[in-house]
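To start, the structure itself, in structure tokens.
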Amino acid sequence: MNNSLLSNTGTRARQRGAAAVEFALAAIPFFLLLFGVIEFGRLLYLWNTAQEVTRRAARMAVVTDFNNSAQIAAIKRNAVFRLVTDTEDWLPATYHADITKRLSDQNIVIRYLNASGGTPTPMPANPGDNITACLDSGRVNSCIRYVEVCISTKSNSCAADDRLSFVPMLGLFSRNDASNYNINMSLLKIPLATVRVPAESLGFSNTF
């Protein structure tokens, strides 16, 4: 009788041990797939949101005084869906402990271009002066015709090489070694999402 009880106890212990091993074997690929789906969802979110970010900034920049640094800063914060009173300055779902790896208002580049697509030389003194420059054939190079907005790592460049890298939440998806195991989502880039629109009032107000 005692031998039977010992046998049953040993069998149950072995079954529990087998169940733990089976769970561990199944959990590893399950959680890998789960976190992979989450990271892929974040990547799609960023790719889809990038264009909306630049559109929002461009829509406001064409009617804002380009000399007003406070208003330009507010445009950039608003473009990443933040209020001026918010303590955060990064696009939701892009937080990283290293601030250089976040998509923040600092990555919003607003450029003012003349008719040929270059930087106005010299820049008009104010929105009213820009209207004067645009009406003067001798100052065509000083006339702001377009406003261009992009997401970039540089302060005044929308070149393809200046795109931000996608930063996964887990280091597991940033691994890149010499073995066959190579999962490196950080090689993926966030689109520049460049938007170029005709300049409008640029904040000019004709008051009498």
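In the structure tokens, chains take letters A, B, ... by order of appearance, with residues numbered from 1 within each chain and ligands from 1 in the order shown.
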
Worksheet entry | DSSP-assigned alpha helix (DSSP H) members of stretch 96-149 of chain A, reported as a list in words | Pro127, Gly128, Asp129, Asn130, Ile131, Thr132, Ala133, Cys134 and Leu135 of chain A

Next, write the just-selected residues to a file, as a tab-separated table (two decimals), in the first residue's frame, keeping C-alpha atoms as the atom set.
```tsv
chain	number	residue	atom	x	y	z
A	127	PRO	CA	5.66	88.54	-43.52
A	128	GLY	CA	4.86	91.97	-44.96
A	129	ASP	CA	8.32	92.24	-46.47
A	130	ASN	CA	7.82	88.80	-47.98
A	131	ILE	CA	4.77	90.02	-49.87
A	132	THR	CA	6.81	92.95	-51.15
A	133	ALA	CA	9.60	90.60	-52.25
A	134	CYS	CA	7.16	88.34	-54.07
A	135	LEU	CA	5.78	91.34	-56.01
```

Practice prompt. Could you give me, as a list in words, the residues within 7 Å of A:Asp89, counting only C-alpha atoms and dropping anything in the same chain fewer than 4 positions from it?
Written response: Arg77, Arg82, Ser104 and Asp105 of chain A

May I have the residues from that selection written out with C-alpha atoms, as a CSV table (one decimal), in the first residue's frame?
```
chain,number,residue,atom,x,y,z
A,77,ARG,CA,4.8,70.6,-30.2
A,82,ARG,CA,1.3,67.8,-27.5
A,104,SER,CA,9.9,64.6,-30.6
A,105,ASP,CA,9.2,68.2,-31.6
```

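Residue neighbourhood of stretch 159-167 of chain A, excluding near-sequence residues (fewer than 5 positions): Lys101, Ser152, Thr153, Lys154, Met185, Ser186, Leu187, Leu188, Lys189, Ile190, Pro191 and Leu192 of chain A, at 7 Å, using only C-alpha atoms.
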
Practice prompt. Please provide the set of residues having any atom within 10 Å of stretch 37-39 of chain A, restricted to only C-alpha atoms, with same-chain residues fewer than 5 positions apart removed, written as a PyMOL selection string.
Written response: chain A and resi 31-32+44-45+166-170+173+185

Worksheet item: Can you tell me how far atom CA of A:Val140 sits from atom CA of A:Phe66, in Å to one decimal?
Response: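 Interatomic distance, atom CA of A:Val140 to atom CA of A:Phe66: 18.0 Å.
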